[in-house]
Amino acid sequence: MNIQAALDYGRSQLTPSSPTPRLDARLLLEHLLDVPHSYLIVHHDQPLTPEEEKSYRQLIARARQEEPVPYIIGHAPFFDFDLHVAPGVLIPRPETEQLVELAVAWAKEYGAETGLTAVDIGTGSGCIAIALAHCLPDLQITAVDISPEALAIAQQNGARLAPGRIQFQQSNLLQAIDAPVDIIVANLPYVTSSEWQALADGVKLHEPALALDGGKDGLDLIRQLLQQAITRLHSNGAIFLEIGWQQGKSAKQAAQGYFPKAEITILPDFAGHDRIVKIALAKP
């Protein structure tokens, strides 16, 4: 079996279980051989050793059982960098990149991002905090998570991708944040109890329930965060929350209950579904 035959085999094996079988087969082979995509193209006729072929078949078998490929290879992309991921943290999604972009746009519009402070709640892999650090060089960032396992992974990613830029702290939402901040960004668990049963096995069986399960209507932790944010957000600050695609109306109502004078906007994701709540307090 050469490289091209291995890719064809992987794609055919993963087609029933993966929406991206070609990409998954390629990522697994790149991981096994420790080579970039360009190498596979140039050396498509290079034969695998018997040991490499055996190992590749084992990786494909794991992926066929819907074990997420990012967990198998140990990393996942976010914007233009790669994050270390493991089963203790949620795999970053493209929708969360949009959450970051909106927070960055607000920071740039409302006044010389210099001196602004932000907190990333439920940081997981650290993807949001690291992206904010890349986009806003003067932003002071704190990233918190209730999970020690997740926090350790976030710290590892932060040390490699944004050294010295992020303060990491274990906290249940905002409990450990003493001083008010300008920006609160959070991708908290928002899967409803009924949606949990319908999740794909690759998500439900492998990704952490702590990072997914948001209770009966998916907004349990979001409501707790909003209540805490009343005393931890500057009077001209803003909150950006990722939500489920059917939660726009109820999330807006919840936000209005805690911040009745704020400008609250529900923004769509790239597919046109409700995905982000923006809560902007009035400028003084």
# chains A, B, ... in the order shown; residues from 1 in each chain; ligands from 1
>>> select_by_dssp(residues="segment 15-157 of chain A", states="alpha helix (DSSP H)", output="PDB file with C-alpha atoms, in the first residue's frame")
ATOM      1  CA  PRO A  21     -13.900  11.352   4.968  1.00  0.00           C
ATOM      2  CA  ARG A  22     -11.271  12.648   2.533  1.00  0.00           C
ATOM      3  CA  LEU A  23     -10.006  15.259   4.983  1.00  0.00           C
ATOM      4  CA  ASP A  24     -10.066  12.854   7.931  1.00  0.00           C
ATOM      5  CA  ALA A  25      -8.122  10.196   6.033  1.00  0.00           C
ATOM      6  CA  ARG A  26      -5.531  12.782   5.047  1.00  0.00           C
ATOM      7  CA  LEU A  27      -5.154  14.213   8.570  1.00  0.00           C
ATOM      8  CA  LEU A  28      -4.671  10.756  10.047  1.00  0.00           C
ATOM      9  CA  LEU A  29      -1.984   9.851   7.513  1.00  0.00           C
ATOM     10  CA  GLU A  30      -0.189  13.179   7.984  1.00  0.00           C
ATOM     11  CA  HIS A  31      -0.232  12.526  11.729  1.00  0.00           C
ATOM     12  CA  LEU A  32       1.103   9.004  11.372  1.00  0.00           C
ATOM     13  CA  LEU A  33       3.918   9.926   8.998  1.00  0.00           C
ATOM     14  CA  HIS A  37      -0.124  17.770   3.182  1.00  0.00           C
ATOM     15  CA  SER A  38       2.314  18.795   0.433  1.00  0.00           C
ATOM     16  CA  TYR A  39       4.453  15.736   1.191  1.00  0.00           C
ATOM     17  CA  LEU A  40       1.536  13.387   0.565  1.00  0.00           C
ATOM     18  CA  ILE A  41       0.932  15.020  -2.799  1.00  0.00           C
ATOM     19  CA  VAL A  42       4.551  14.925  -3.976  1.00  0.00           C
ATOM     20  CA  PRO A  50       4.191  -2.851   7.064  1.00  0.00           C
ATOM     21  CA  GLU A  51       4.252  -1.158  10.464  1.00  0.00           C
ATOM     22  CA  GLU A  52       2.946   2.127   9.028  1.00  0.00           C
ATOM     23  CA  GLU A  53       0.158   0.362   7.155  1.00  0.00           C
ATOM     24  CA  LYS A  54      -0.893  -1.524  10.282  1.00  0.00           C
ATOM     25  CA  SER A  55      -0.876   1.665  12.354  1.00  0.00           C
ATOM     26  CA  TYR A  56      -2.853   3.552   9.730  1.00  0.00           C
ATOM     27  CA  ARG A  57      -5.519   0.865   9.598  1.00  0.00           C
ATOM     28  CA  GLN A  58      -5.782   1.089  13.395  1.00  0.00           C
ATOM     29  CA  LEU A  59      -6.236   4.867  13.248  1.00  0.00           C
ATOM     30  CA  ILE A  60      -8.918   4.503  10.579  1.00  0.00           C
ATOM     31  CA  ALA A  61     -10.689   1.899  12.711  1.00  0.00           C
ATOM     32  CA  ARG A  62     -10.786   4.313  15.644  1.00  0.00           C
ATOM     33  CA  ALA A  63     -12.219   7.047  13.449  1.00  0.00           C
ATOM     34  CA  ARG A  64     -14.821   4.631  12.060  1.00  0.00           C
ATOM     35  CA  VAL A  69     -10.107  12.862  14.599  1.00  0.00           C
ATOM     36  CA  PRO A  70      -8.798  15.914  16.547  1.00  0.00           C
ATOM     37  CA  TYR A  71      -8.593  13.733  19.671  1.00  0.00           C
ATOM     38  CA  ILE A  72      -6.801  10.978  17.751  1.00  0.00           C
ATOM     39  CA  ILE A  73      -4.168  13.323  16.326  1.00  0.00           C
ATOM     40  CA  PRO A  94     -15.920  27.508  13.291  1.00  0.00           C
ATOM     41  CA  GLU A  95     -18.902  29.267  14.902  1.00  0.00           C
ATOM     42  CA  THR A  96     -16.697  30.233  17.821  1.00  0.00           C
ATOM     43  CA  GLU A  97     -14.326  32.040  15.475  1.00  0.00           C
ATOM     44  CA  GLN A  98     -17.242  34.341  14.651  1.00  0.00           C
ATOM     45  CA  LEU A  99     -17.800  34.956  18.373  1.00  0.00           C
ATOM     46  CA  VAL A 100     -14.198  36.143  18.634  1.00  0.00           C
ATOM     47  CA  GLU A 101     -14.505  38.333  15.526  1.00  0.00           C
ATOM     48  CA  LEU A 102     -17.521  40.148  16.972  1.00  0.00           C
ATOM     49  CA  ALA A 103     -15.768  40.774  20.288  1.00  0.00           C
ATOM     50  CA  VAL A 104     -12.696  42.089  18.466  1.00  0.00           C
ATOM     51  CA  ALA A 105     -14.819  44.390  16.298  1.00  0.00           C
ATOM     52  CA  TRP A 106     -16.513  45.819  19.394  1.00  0.00           C
ATOM     53  CA  ALA A 107     -13.166  46.386  21.129  1.00  0.00           C
ATOM     54  CA  LYS A 108     -11.780  48.254  18.120  1.00  0.00           C
ATOM     55  CA  GLU A 109     -14.911  50.376  17.728  1.00  0.00           C
ATOM     56  CA  CYS A 127      -9.016  29.029  21.834  1.00  0.00           C
ATOM     57  CA  ILE A 128     -11.026  32.212  22.475  1.00  0.00           C
ATOM     58  CA  ALA A 129      -8.493  33.811  24.818  1.00  0.00           C
ATOM     59  CA  ILE A 130      -5.577  32.994  22.502  1.00  0.00           C
ATOM     60  CA  ALA A 131      -7.396  34.380  19.456  1.00  0.00           C
ATOM     61  CA  LEU A 132      -8.237  37.575  21.358  1.00  0.00           C
ATOM     62  CA  ALA A 133      -4.569  37.908  22.314  1.00  0.00           C
ATOM     63  CA  HIS A 134      -3.547  37.581  18.658  1.00  0.00           C
ATOM     64  CA  CYS A 135      -6.118  40.111  17.422  1.00  0.00           C
ATOM     65  CA  PRO A 148      -8.586  21.587  36.227  1.00  0.00           C
ATOM     66  CA  GLU A 149      -8.015  19.255  33.273  1.00  0.00           C
ATOM     67  CA  ALA A 150      -9.270  21.827  30.778  1.00  0.00           C
ATOM     68  CA  LEU A 151      -7.325  24.607  32.454  1.00  0.00           C
ATOM     69  CA  ALA A 152      -4.090  22.621  32.184  1.00  0.00           C
ATOM     70  CA  ILE A 153      -4.610  22.176  28.432  1.00  0.00           C
ATOM     71  CA  ALA A 154      -5.504  25.860  28.012  1.00  0.00           C
ATOM     72  CA  GLN A 155      -2.351  26.894  29.883  1.00  0.00           C
ATOM     73  CA  GLN A 156      -0.263  24.627  27.661  1.00  0.00           C
ATOM     74  CA  ASN A 157      -1.754  26.183  24.530  1.00  0.00           C
TER      75      ASN A 157
END
>>> residues_around(residues="segment 176-179 of chain A", least_positions_apart="5", cutoff="10 Å", atoms="only C-alpha atoms", output="PDB file with C-alpha atoms, in the first residue's frame")
ATOM      1  CA  THR A 117      -9.823  44.040  29.945  1.00  0.00           C
ATOM      2  CA  VAL A 119     -12.435  37.485  30.538  1.00  0.00           C
ATOM      3  CA  THR A 142      -8.090  36.388  31.925  1.00  0.00           C
ATOM      4  CA  VAL A 144     -11.165  30.752  33.525  1.00  0.00           C
ATOM      5  CA  GLN A 169      -7.554  30.921  36.794  1.00  0.00           C
ATOM      6  CA  GLN A 170      -9.789  28.121  38.029  1.00  0.00           C
ATOM      7  CA  SER A 171     -13.250  29.492  38.650  1.00  0.00           C
ATOM      8  CA  GLN A 228     -22.863  37.283  38.101  1.00  0.00           C
ATOM      9  CA  ALA A 229     -22.016  39.712  35.286  1.00  0.00           C
ATOM     10  CA  THR A 231     -21.552  43.320  39.215  1.00  0.00           C
ATOM     11  CA  ARG A 232     -18.533  42.299  37.124  1.00  0.00           C
ATOM     12  CA  LEU A 233     -19.032  44.238  33.891  1.00  0.00           C
ATOM     13  CA  HIS A 234     -18.033  47.869  33.449  1.00  0.00           C
TER      14      HIS A 234
END
